[in-house]
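For reference, the structure discussed in these notes is given below.
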Amino acid sequence: MSKFLPFFTDRDVPYTVAARPDTGLYSAKLGIWLFLASEVMLFGGLFSAYIFLRLGAEPGYWPKGLLNVPVGTLNTAVLIGSSVTVVFAWASLKMREFMKYRFYMAITILCGIFFLCVKLTYEWPAKFDHFGVFIKQSSAAKYEEFLGNDFLKEKNEEPRWEVTGHILRAPKGSPYGAVAEHNAEHFSHGAGHGLHLPGGEGDYVIQLDAINAKPNSEDNLRPAFWPRPLSSKTAVIRAEDVESASTFVPRHSTYFATYFLITGLHGLHVLGGLVVFLYLWLPFKGGATLYKSNPEHLANRVEIAGLFWHFVDLVWIFVFPIFYLL
Amino acid sequence: MSTIDSTVRHNQGLAGAHDDHHHHELGFWQKYVFSTDHKVIGVQYGVTGLTFLFFGFLLMLVMRWQLANPGDAVPLVGGALRGLFGPVVMTDAGALTSSGYNVFGAMHGTIMVFFGVVPLAVGGFGNFVVPLQIGAPDMAFPKLNMFSYWCFFISGVVMLGSFFVPGSAAKSGWTAYPPLAGMADFENGHLWLNGQTIWLLAMVFNITASLLGSINFIATIIQLRAPGLTWMRLPFFVWAQFVTAFLLVLAFPPLEAAGFMQLTDRVLGTCFFMPTGLVVGQSVAQSWSGGGSPILWQHLFWFLAHPEVYVLILPAIGIVAEIVANNTRKPLYGYKAMVYALFGLGFLSFIVWAHHMYMTGMGARVATFFQITTVMISVPSVVLLTSLLISLWGGSIRFNMPMLFATAFLPMFGIGGLTGIPLAFNAVDLYLHDTYYVIAHFHYVVAPGTIFALFAGVYHWYPKVTGRKMSEGLGRLHFWGSLITINGVFFPMFLQGMAGVHRRWYDGGVTYEQLIKPVIHWNMFMTVSAGLLALFQLPFILNFFTSLRFGQKVGRNPWEATTLDWDTPTPPPHGNFDKPVEVFRGPYEYSVPGATADFVPQTHRA
Amino acid sequence: MMISHDNTLPSDANAASHVAASVGKYKVLFYGLLALTVLTVGVSYVHFGSNFWNFVVGMLIATLKAGLVSAIFMHLLGEKLTIWRFLIFTGVFVTGLFLLTLLAHKDPIPGTAHSSHSAKGNWHVAESISSPEKNSVSTGSAH
Ligand code: HEM
Ligand SMILES: [Cu+2]
């Protein structure tokens, strides 16, 4: 490392590799656990915000079933897999099997990259082009055919105030005009530009999600595993009946705010882990090359990075159910 | 394993004890700027912290002027301030505006706490002294240590830079309460380039620096103690830093999380802290989804900020303990009880935070819980203070500069602590909350308390850092002047506060003159005292710089102290110790019957 | 006990053989975690009477998974006392953060800003509200 960053010359401090007898630890091991303790508090703060906001949300304002469960499950499995391979990588080093180390580490890195790609190229973008309109409670009766609140009340379920789907037309001056135009073209494919959209300048026109297209269906009472396709039905919502409207971005609701903040921060952790893994995998002086001079030191480094990686996995183990499933 | 064995191994890192490694001379940049040596980093932290303390104090001087002479131009420097800070903060005539008062107030609080006291007490003294006192060649992670300082440095530059963005720096207090803080400072239409947003960014850097630093402290203290230096032989200062570091590691992250949330509230339009139906001006705010909770911010903020007050005070108590033992020439009274009290304090400080939130409408059950824990936490505090007081008993005290400040610390901290007890009870606090009584209470803890202890520390360790003592004459002028004037600043605040004078009033209460008539005249007295207090800092500044050249030269152990920091060459070289370190006894073996000298160093073989 | 002073040797003399023996354990755990993931997804479609109980069941499984990861992958089971000590404190404080904020949330004085931080109406309110104006938490303008 010091080859690249001349300023980083180190004092010769004891117990960087060998353990101190009375604690049984080398210093970095202690350091990483302290760091993880602070991470527990960091994510603890975020999760307590989740609990606080969710419990504080009035009925009908905490969306459910908006995320893609199969994809989430796949990503969970991938992270678990990478946790195993990183342990194998470390074990290989301990047993002084260098080629195996490189192999397992490569798989770990690929898993991490896969996870991030799914997040960034599929999951998040799929949210960004979805749209939701919260209807004022005082106007909800007008939109009963999309909300189905009589049905929900009869079933003793929470009310629904939101209409979701793809936006086809946004009121004049709305920041979502461009998205709407793009969607409208897609919606009318074949029919060409001339397709007549319902509604006027002051309206939101939404191509409905299944749940709003048939709000009185018993299917809606159970969460779906496979995401239901968009219906071809549209709804027209007058701007003055709208409480807030946005694509599924952080500002949409406290639900998406917490979702994006927590998964975003988690994603940054994955990225950080990947950078470290790459460093340890490539022939850097403090990375894979270290094997030649001091394999135990490299094993320690992999152990430290691995501990961090397991923690990232561990956070995901909680993130997955609280946002995707419950 | 034999002790000799472990001594040798522990000292593998000694300068000169190895020759197989890089032994080239370090260049200027590596030696003094991007240094990984804990002593250099300690000095960097210390000097930066001191500078920030004086800057924060100067902000307050301007505010104090405004409080006593509302609307009048600041004398002498009004024009210059107008030029420097711009029209948001100063009028053309050179008087502080109401926004300017908010800016200075928020920045005073933020800078004093996060950029002044903590960097000096933990980053400065902790870095310099802890490795020396435990007989280590350096911190456990020297690079991380350097990284921590530069992270802090960036946070300082960003925070100071925020004075110069459109609309000036943050105005929402050091507590940054939403919903106000969530929507303040957008007048100029900049999403990022505005006071409150930059405040949050700077805090994220600051918190990161603190976290890295404190992880390093804990690892160092656990891993690098010299052979024979068992836990109960640690100097009390090391214990204090140890517990402080734990408070930082565990309490800061929730605030970092909250900081991220407020940041997204401001730049992404989320509503973590923005409630539904918020009325801004005349109408319900429409542009956001609502559903958030301002109370959530308060919980996360105070989850840090209460432990933070112990972060401000524990290192100070540690410094005072060292100096008291050294200058009474007696062991500390109740050393073990003090250590346990530290842990009690540390533990309890995590479960008292909502005593800052009685006004939020919490119900009786929860308020009772927090009242009980708050009252409980006063017990270990009293154990610490009483032990220090009893330590004075029967000693033949040397009143040198460090000891003067340390002695003054005790009653000042006592006043601060005892006036806090009424605030623990919500019935009383509902009245006193947000009045100058509270301001007086915590300033007695942090100003004549912590700051005095930090001065004591500067006078005490200055010789170790520089090889020279600071002047006693200038020191005494500094001490007596500061002691008298600082009480003149803060004592009348109790009177005003009990009469109902509210904090954060920018006109000193003129608007409510009829209500606070009997106490409003104190404003002038306090402002004059603050001005004099500023004058009495001049001897210190002079002393600090001139002693570098003209101070009396000293050897290894000018104070005849027992702990390891005084068992090194002065100033300590790269790697710290010039002989293998092994410890044979407790930290404060002064006036041991039968010993030849009145002190027995920890390295003295039995 | 012989302790190595050499910075190139493992801290534990027989570490390598130890590690080799554990590899099988890691494999089993991998399949176990996958199974638990499937279980989490599965039970989320079973109705346990109320949302609350579904949440409890989900969290129990997640905690079990987290426990396994930390105990075995992160070697917490055989970890040194020093680390356990401060992890226990961390656990206590993070629980305190959860529970106490929750408690404060559940125990407001009625009618204060505290209890109406989300003032969107419930069924009863919704029916009686005629104007779109909701109860409001008000604050002055920014200055
Ligand atoms: C000795 C010099 C100091 C003086 C004269 C002084 C004076 C004051 C005054 C008058 C206020 C109240 C302003 C207002 O509410 O309008 C204040 C606020 C405050 N001070 Fe100081 N102070 C000093 C040192 C310190 C120190 C050393 C610290 C912390 C370590 C500190 C931390 C604070 C904080 C946190 C606030 C609250 C800021 C806010 O309202 O957001 N002060 N100070
Ligand atoms: Cu407090």
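By order in the structure tokens, chains are A, B, ...; within a chain, residues start at 1; ligands start at 1, following the order shown.
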
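Considering only C-alpha atoms and all ligand atoms, every residue of the polymer chains approaching ligand 2 to 9 Å or closer is listed here: Trp302, Phe303, Ala305, His306, Pro307, Glu308, Val309, Tyr310, Ser349, Val352, Trp353, Ala354, His355, His356, Thr374 and Ala424 of chain B.
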
Keeping only N, CA and C atoms, write those residues as a PDB file, in the first residue's frame.
ATOM      1  N   TRP B 302     -31.051  13.279  20.716  1.00  0.00           N
ATOM      2  CA  TRP B 302     -30.655  13.244  22.128  1.00  0.00           C
ATOM      3  C   TRP B 302     -30.071  11.904  22.537  1.00  0.00           C
ATOM      4  N   PHE B 303     -30.343  10.878  21.757  1.00  0.00           N
ATOM      5  CA  PHE B 303     -29.668   9.609  22.041  1.00  0.00           C
ATOM      6  C   PHE B 303     -28.155   9.795  21.925  1.00  0.00           C
ATOM      7  N   ALA B 305     -26.878  13.156  21.983  1.00  0.00           N
ATOM      8  CA  ALA B 305     -26.433  14.379  22.625  1.00  0.00           C
ATOM      9  C   ALA B 305     -26.383  14.275  24.133  1.00  0.00           C
ATOM     10  N   HIS B 306     -27.151  13.365  24.745  1.00  0.00           N
ATOM     11  CA  HIS B 306     -26.894  13.248  26.175  1.00  0.00           C
ATOM     12  C   HIS B 306     -25.553  12.578  26.455  1.00  0.00           C
ATOM     13  N   PRO B 307     -25.287  11.389  25.908  1.00  0.00           N
ATOM     14  CA  PRO B 307     -23.932  10.854  26.091  1.00  0.00           C
ATOM     15  C   PRO B 307     -22.852  11.875  25.719  1.00  0.00           C
ATOM     16  N   GLU B 308     -23.142  12.684  24.726  1.00  0.00           N
ATOM     17  CA  GLU B 308     -22.172  13.692  24.301  1.00  0.00           C
ATOM     18  C   GLU B 308     -21.773  14.618  25.449  1.00  0.00           C
ATOM     19  N   VAL B 309     -22.713  14.952  26.332  1.00  0.00           N
ATOM     20  CA  VAL B 309     -22.303  15.836  27.419  1.00  0.00           C
ATOM     21  C   VAL B 309     -21.299  15.135  28.332  1.00  0.00           C
ATOM     22  N   TYR B 310     -21.390  13.807  28.411  1.00  0.00           N
ATOM     23  CA  TYR B 310     -20.371  13.092  29.189  1.00  0.00           C
ATOM     24  C   TYR B 310     -19.072  13.003  28.413  1.00  0.00           C
ATOM     25  N   SER B 349     -25.814   6.955  30.946  1.00  0.00           N
ATOM     26  CA  SER B 349     -25.965   8.099  30.047  1.00  0.00           C
ATOM     27  C   SER B 349     -26.712   7.723  28.775  1.00  0.00           C
ATOM     28  N   VAL B 352     -31.044   8.148  29.528  1.00  0.00           N
ATOM     29  CA  VAL B 352     -31.645   9.323  30.175  1.00  0.00           C
ATOM     30  C   VAL B 352     -32.074  10.366  29.149  1.00  0.00           C
ATOM     31  N   TRP B 353     -31.890  10.051  27.835  1.00  0.00           N
ATOM     32  CA  TRP B 353     -31.912  11.139  26.863  1.00  0.00           C
ATOM     33  C   TRP B 353     -33.220  11.934  26.817  1.00  0.00           C
ATOM     34  N   ALA B 354     -34.329  11.263  27.116  1.00  0.00           N
ATOM     35  CA  ALA B 354     -35.596  11.973  26.910  1.00  0.00           C
ATOM     36  C   ALA B 354     -35.861  13.030  27.971  1.00  0.00           C
ATOM     37  N   HIS B 355     -34.918  13.207  28.948  1.00  0.00           N
ATOM     38  CA  HIS B 355     -35.131  14.325  29.871  1.00  0.00           C
ATOM     39  C   HIS B 355     -34.972  15.674  29.161  1.00  0.00           C
ATOM     40  N   HIS B 356     -34.498  15.625  27.914  1.00  0.00           N
ATOM     41  CA  HIS B 356     -34.485  16.862  27.125  1.00  0.00           C
ATOM     42  C   HIS B 356     -35.792  17.061  26.396  1.00  0.00           C
ATOM     43  N   THR B 374     -32.454   9.724  35.367  1.00  0.00           N
ATOM     44  CA  THR B 374     -31.685  10.958  35.452  1.00  0.00           C
ATOM     45  C   THR B 374     -31.215  11.215  36.877  1.00  0.00           C
ATOM     46  N   ALA B 424     -34.004  17.596  36.263  1.00  0.00           N
ATOM     47  CA  ALA B 424     -34.349  16.195  36.057  1.00  0.00           C
ATOM     48  C   ALA B 424     -35.841  15.952  36.255  1.00  0.00           C
TER      49      ALA B 424
END

* Return the neighbours of chain A among the residues of chain B, cut-off 6 Å, counting only C-alpha atoms, as a PyMOL selection string. => chain B and resi 13+30+219+249-250+253-254+257+269-270+289

* Within 7 Å of ligand 1, counting only C-alpha atoms and all ligand atoms: which residues, as a VMD selection string? -> chain B and resid 57 60 to 61 64 105 to 106 108 to 110 112 to 113 117 173 to 175 312 439 443 446 to 447 451 486 489 503 to 506 530

Selection from above, N, CA, C and O atoms, as a short mmCIF file (atom, residue, chain, number, x, y, z; two decimals), in the first residue's frame, can you write it?
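So the final result, stored in part_26.cif, reads:
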data_model
loop_
_atom_site.label_atom_id
_atom_site.label_comp_id
_atom_site.auth_asym_id
_atom_site.auth_seq_id
_atom_site.Cartn_x
_atom_site.Cartn_y
_atom_site.Cartn_z
N PHE B 57 -16.01 31.36 20.69
CA PHE B 57 -16.14 32.36 21.73
C PHE B 57 -16.32 33.75 21.12
O PHE B 57 -17.13 34.55 21.58
N MET B 60 -19.73 34.35 20.06
CA MET B 60 -20.59 34.64 21.19
C MET B 60 -20.38 36.07 21.71
O MET B 60 -21.31 36.69 22.18
N LEU B 61 -19.16 36.59 21.57
CA LEU B 61 -18.94 37.97 22.00
C LEU B 61 -19.82 38.93 21.22
O LEU B 61 -20.42 39.85 21.78
N ARG B 64 -23.24 38.57 22.48
CA ARG B 64 -23.42 39.21 23.79
C ARG B 64 -23.53 40.72 23.63
O ARG B 64 -24.28 41.39 24.35
N GLY B 105 -25.57 31.86 16.80
CA GLY B 105 -25.96 30.98 17.91
C GLY B 105 -25.80 29.52 17.53
O GLY B 105 -25.22 28.72 18.28
N ALA B 106 -26.32 29.17 16.36
CA ALA B 106 -26.23 27.78 15.93
C ALA B 106 -24.77 27.38 15.77
O ALA B 106 -24.35 26.28 16.17
N HIS B 108 -22.12 28.83 17.17
CA HIS B 108 -21.45 28.80 18.47
C HIS B 108 -21.62 27.43 19.11
O HIS B 108 -20.64 26.79 19.50
N GLY B 109 -22.87 26.98 19.19
CA GLY B 109 -23.13 25.69 19.84
C GLY B 109 -22.43 24.55 19.11
O GLY B 109 -21.72 23.73 19.72
N THR B 110 -22.60 24.50 17.81
CA THR B 110 -22.01 23.42 17.03
C THR B 110 -20.49 23.41 17.14
O THR B 110 -19.88 22.37 17.38
N MET B 112 -18.47 24.91 19.36
CA MET B 112 -17.95 24.64 20.69
C MET B 112 -17.97 23.15 21.01
O MET B 112 -16.99 22.59 21.49
N VAL B 113 -19.09 22.51 20.72
CA VAL B 113 -19.22 21.11 21.12
C VAL B 113 -18.42 20.19 20.20
O VAL B 113 -17.56 19.43 20.66
N VAL B 117 -14.40 21.48 21.90
CA VAL B 117 -14.10 20.70 23.09
C VAL B 117 -13.73 19.25 22.75
O VAL B 117 -12.70 18.75 23.21
N GLY B 173 -30.09 26.34 15.24
CA GLY B 173 -29.60 25.87 16.52
C GLY B 173 -28.70 24.66 16.35
O GLY B 173 -28.69 24.02 15.30
N TRP B 174 -27.91 24.35 17.39
CA TRP B 174 -27.03 23.18 17.26
C TRP B 174 -27.85 21.90 17.30
O TRP B 174 -27.37 20.84 16.92
N THR B 175 -29.11 22.01 17.76
CA THR B 175 -29.96 20.83 17.84
C THR B 175 -30.66 20.53 16.52
O THR B 175 -31.20 19.45 16.36
N LEU B 312 -18.06 15.45 26.80
CA LEU B 312 -17.45 16.74 27.07
C LEU B 312 -16.83 16.79 28.46
O LEU B 312 -15.89 17.54 28.69
N ILE B 439 -29.20 27.40 30.10
CA ILE B 439 -27.94 27.87 29.51
C ILE B 439 -26.88 28.00 30.59
O ILE B 439 -25.73 27.54 30.43
N HIS B 443 -23.52 25.64 30.83
CA HIS B 443 -22.26 26.35 30.64
C HIS B 443 -21.37 26.25 31.86
O HIS B 443 -20.15 26.19 31.72
N VAL B 446 -19.60 23.11 31.11
CA VAL B 446 -18.64 23.06 30.01
C VAL B 446 -17.66 24.22 29.95
O VAL B 446 -16.57 24.07 29.41
N ALA B 447 -18.04 25.39 30.48
CA ALA B 447 -17.10 26.52 30.34
C ALA B 447 -16.14 26.62 31.53
O ALA B 447 -14.98 26.24 31.42
N ILE B 451 -13.72 23.68 30.13
CA ILE B 451 -12.68 24.52 29.53
C ILE B 451 -11.55 24.77 30.53
O ILE B 451 -10.37 24.76 30.17
N ILE B 486 -15.62 34.86 34.24
CA ILE B 486 -16.50 33.83 33.70
C ILE B 486 -17.70 33.63 34.62
O ILE B 486 -18.81 33.35 34.16
N VAL B 489 -20.08 36.20 33.77
CA VAL B 489 -20.87 35.91 32.57
C VAL B 489 -22.03 34.99 32.91
O VAL B 489 -23.16 35.21 32.48
N ARG B 503 -34.01 31.51 26.16
CA ARG B 503 -32.82 31.48 25.32
C ARG B 503 -33.20 31.80 23.88
O ARG B 503 -34.36 31.74 23.51
N ARG B 504 -32.22 32.10 23.07
CA ARG B 504 -32.40 32.35 21.64
C ARG B 504 -33.25 33.59 21.34
O ARG B 504 -33.78 33.71 20.25
N TRP B 505 -33.39 34.50 22.31
CA TRP B 505 -33.99 35.79 22.00
C TRP B 505 -32.88 36.68 21.46
O TRP B 505 -31.86 36.85 22.11
N TYR B 506 -33.13 37.29 20.32
CA TYR B 506 -31.99 38.01 19.75
C TYR B 506 -31.92 39.45 20.24
O TYR B 506 -30.94 40.13 20.00
N ALA B 530 -18.11 39.26 29.71
CA ALA B 530 -17.63 38.45 28.58
C ALA B 530 -16.50 39.17 27.85
O ALA B 530 -15.52 38.54 27.44
#

Report as a tab-separated table: every residue of chain A with an atom at most 6 Å from chain C, its closest pair of atoms, and their distance in Å to one decimal, counting only C-alpha atoms, with rows sorted by chain and ascending residue number.
residue	atom	partner	partner_atom	distance
A:Val17	CA	C:Asn7	CA	5.4
A:Ala18	CA	C:Ser11	CA	5.2
A:Ala19	CA	C:Ser11	CA	5.4
A:Ser48	CA	C:Phe98	CA	5.5
A:Glu58	CA	C:Lys120	CA	5.9
A:Ala91	CA	C:Val19	CA	5.9
A:Lys94	CA	C:Ala16	CA	5.4
A:Met95	CA	C:Ala16	CA	5.3
A:Ser138	CA	C:Pro132	CA	6.0
A:Asn294	CA	C:Thr8	CA	5.4
A:Glu296	CA	C:Thr8	CA	5.8
A:Leu307	CA	C:Met74	CA	5.8
A:Leu314	CA	C:Ala66	CA	5.5
A:Ile317	CA	C:Ala62	CA	6.0
A:Phe318	CA	C:Ala62	CA	5.9

Pick out the residues sitting within 8 Å of Val339 (chain B), and hand them over as a short mmCIF file (atom, residue, chain, number, x, y, z; two decimals) with all heavy atoms, in the first residue's frame; count only C-alpha atoms, and ignore anything fewer than 4 positions along from it in its own chain.
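Listed below is the output, out-v1.cif:
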data_model
loop_
_atom_site.label_atom_id
_atom_site.label_comp_id
_atom_site.auth_asym_id
_atom_site.auth_seq_id
_atom_site.Cartn_x
_atom_site.Cartn_y
_atom_site.Cartn_z
N PHE B 236 -6.09 7.32 35.77
CA PHE B 236 -7.51 7.58 35.66
C PHE B 236 -7.86 8.25 34.33
O PHE B 236 -8.92 8.02 33.76
CB PHE B 236 -7.99 8.44 36.83
CG PHE B 236 -9.48 8.56 36.87
CD1 PHE B 236 -10.26 7.49 37.26
CD2 PHE B 236 -10.11 9.74 36.49
CE1 PHE B 236 -11.64 7.58 37.26
CE2 PHE B 236 -11.49 9.83 36.50
CZ PHE B 236 -12.26 8.75 36.88
N TRP B 239 -8.66 5.70 31.79
CA TRP B 239 -10.01 5.17 32.01
C TRP B 239 -11.05 6.13 31.43
O TRP B 239 -12.01 5.71 30.78
CB TRP B 239 -10.29 5.00 33.50
CG TRP B 239 -9.83 3.68 34.06
CD1 TRP B 239 -8.88 3.49 35.00
CD2 TRP B 239 -10.34 2.39 33.72
NE1 TRP B 239 -8.75 2.14 35.26
CE2 TRP B 239 -9.64 1.45 34.49
CE3 TRP B 239 -11.30 1.93 32.82
CZ2 TRP B 239 -9.87 0.09 34.41
CZ3 TRP B 239 -11.55 0.57 32.74
CH2 TRP B 239 -10.83 -0.34 33.53
N TYR B 335 -9.84 5.59 44.07
CA TYR B 335 -9.58 5.34 42.65
C TYR B 335 -10.53 4.31 42.06
O TYR B 335 -11.15 4.51 41.02
CB TYR B 335 -8.12 4.90 42.49
CG TYR B 335 -7.76 4.33 41.15
CD1 TYR B 335 -7.40 5.17 40.10
CD2 TYR B 335 -7.78 2.95 40.92
CE1 TYR B 335 -7.07 4.65 38.86
CE2 TYR B 335 -7.45 2.42 39.68
CZ TYR B 335 -7.10 3.28 38.66
OH TYR B 335 -6.76 2.75 37.43
N PHE B 343 -18.00 3.81 34.78
CA PHE B 343 -18.80 2.85 34.02
C PHE B 343 -20.28 3.06 34.28
O PHE B 343 -21.11 2.96 33.35
CB PHE B 343 -18.37 1.42 34.36
CG PHE B 343 -17.18 0.99 33.56
CD1 PHE B 343 -15.90 1.22 34.02
CD2 PHE B 343 -17.36 0.41 32.32
CE1 PHE B 343 -14.80 0.86 33.26
CE2 PHE B 343 -16.27 0.05 31.55
CZ PHE B 343 -14.98 0.28 32.03
#

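Between CA of Ala140 (chain A) and CA of Pro159 (chain A) the interatomic distance comes to 10.2 Å.
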
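Distances here use only C-alpha atoms; by that measure, the residue among B:Leu388, B:Met470, B:Leu247, B:Ala597 closest to chain C is B:Leu247.
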
* To do: Could you list, as a ChimeraX atom specification, the residues of chain B having an atom within 9 Å of chain C when counting only C-alpha atoms?
  => /B:1,6,9,98-99,179-181,183-185,222,246,250-251,274-282,284,290-296,299-300,303,347,350-351,354,360-367

* **All helix (DSSP H, G or I) residues (DSSP, backbone) inside region 41-222 of chain A, as a ChimeraX atom specification** => /A:41-56,69-94,98-128,137-147,149-154,177-187,210-213,218-221

* Asked: Mind pulling up the distance from CA of Gly213 (chain B) to CA of Asn145 (chain B)?
  -> 6.1 Å

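Of the listed residues A:Ala239, A:Ala213, A:Val276, A:Val315, the one whose atoms come nearest to Ser174 (chain A) is A:Ala239, with distances taken using only C-alpha atoms.
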